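**Q** Following this message is one structure expressed as structure tokens.
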Amino acid sequence: MESNMPIAAGMHVLPALPYPTNALEPIIDAETLTIHHDKHHKKYVDDLNSAELALESARRQGDYRFIRYWEDALAFNGSGHILHSVYWRCMAPRGTGGEPGQYTARYLDWYFGGLEQFKAQFVAAANAVEGSGWAILGYNPAFFRLELLQAEKHQNLTQWGLMPILVCDVWEHAYYLKYKNDRAAYIDAWWTIINWNDVEERFIKAAQGVVRLD
Ligand code: MN
């Protein structure tokens, strides 16, 4: 659903996967994808809704004893929900994701020096995330351009304003069933299922300030 209606407190919804759970085989197995989406992402959505409703209740009662707990939950679960919503869409079955679109390719050339240079930095950043986190190519409207960042957990190490465009989840739950401790093998394989058409579309929308997750 494309809409500009604001999402009320507690009303976030787990988005459906844009493909069947076995669509990314053999790169990402159906069991990993199912657990990742139906359990992990769903919990981030549920806990984001809980935090928003708890804060709504706190406002009503004027009781902010647990403000630190709920504000932390907003940051962690809200960021987790956003990143996973982008993660599902920026992947596609092998051979269907196309090549970087004209705007994406132009920015990667201009800022990173080309697709191969961008890939080298992205893969290095993803491999080097300390603990659980992400590699994130995002559009920062404050700078009118793309930037490549790591995230620890879902919310640490960001730049304010960044809209994620291409994201790689390197939490162990994203790859451990199939790749065990070989994060590098997962990232190499993941690179082959990037949905560049989706990246181009979200980049253009983000640059226009109209991006939505659903
Ligand atoms: Mn995840």
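Residue numbering restarts at 1 in every chain; chains get A, B, ... in the order shown in the structure tokens, and ligands count up from 1 in that same order.
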Can you tell me which residues come within 9 Å of ligand 1 when counting only C-alpha atoms and all ligand atoms, ideally as JSON, numbers by chain?
**A** {"A": [36, 37, 40, 41, 80, 83, 84, 87, 132, 133, 134, 154, 169, 170, 171, 172, 173, 174]}
**Q** Skip region 6-21 of chain A itself and residues of its chain fewer than 5 positions away, then list as an NGL selection string all residues within 8 Å of it, counting only C-alpha atoms.
**A** :A and (29-31 or 33-34 or 37 or 41-42 or 45-46 or 48-53 or 56 or 85 or 88-89 or 214)
**Q** Leu166 (chain A): which residues within 9 Å, counting only C-alpha atoms, same-chain residues fewer than 6 positions away excluded, as a PyMOL selection string?
**A** chain A and resi 86-87+90-91+135-138+194-196+198-199+202
**Q** Given only C-alpha atoms as the basis, pick out the residue of A:Asn140, A:Asn181, A:Thr158, A:Gln61 nearest to Phe203 (chain A).
**A**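 Between A:Asn140, A:Asn181, A:Thr158, A:Gln61, the residue approaching Phe203 (chain A) most closely is A:Asn140.
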**Q** Report as a PyMOL selection string: the residues of chain A with a DSSP assignment of alpha helix (DSSP H), based on the backbone of this structure.
**A** chain A and resi 30-35+42-61+67-89+102-107+115-127+176-179+183-190+196-208
**Q** Quick one: of A:Ala151, A:Ile193, A:Ile187, A:Leu157, who's nearest to Ala120 (chain A), counting only C-alpha atoms?
**A**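 Once distances to Ala120 (chain A) are computed over only C-alpha atoms, the minimum belongs to A:Ile187.
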**Q** Check the smallest atom-to-atom distance from each of A:Lys205, A:Lys39, A:Lys178, A:Arg59 to Ile27 (chain A) using only C-alpha atoms, then report the winner.
**A**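 Among the listed residues, A:Lys178 lies closest to Ile27 (chain A).
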**Q** Find the residue from A:Tyr179, A:Tyr64, A:Phe144, A:Tyr103 that sits nearest to Asn197 (chain A); use only C-alpha atoms when measuring.
**A**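 Nearest to Asn197 (chain A): A:Tyr103.
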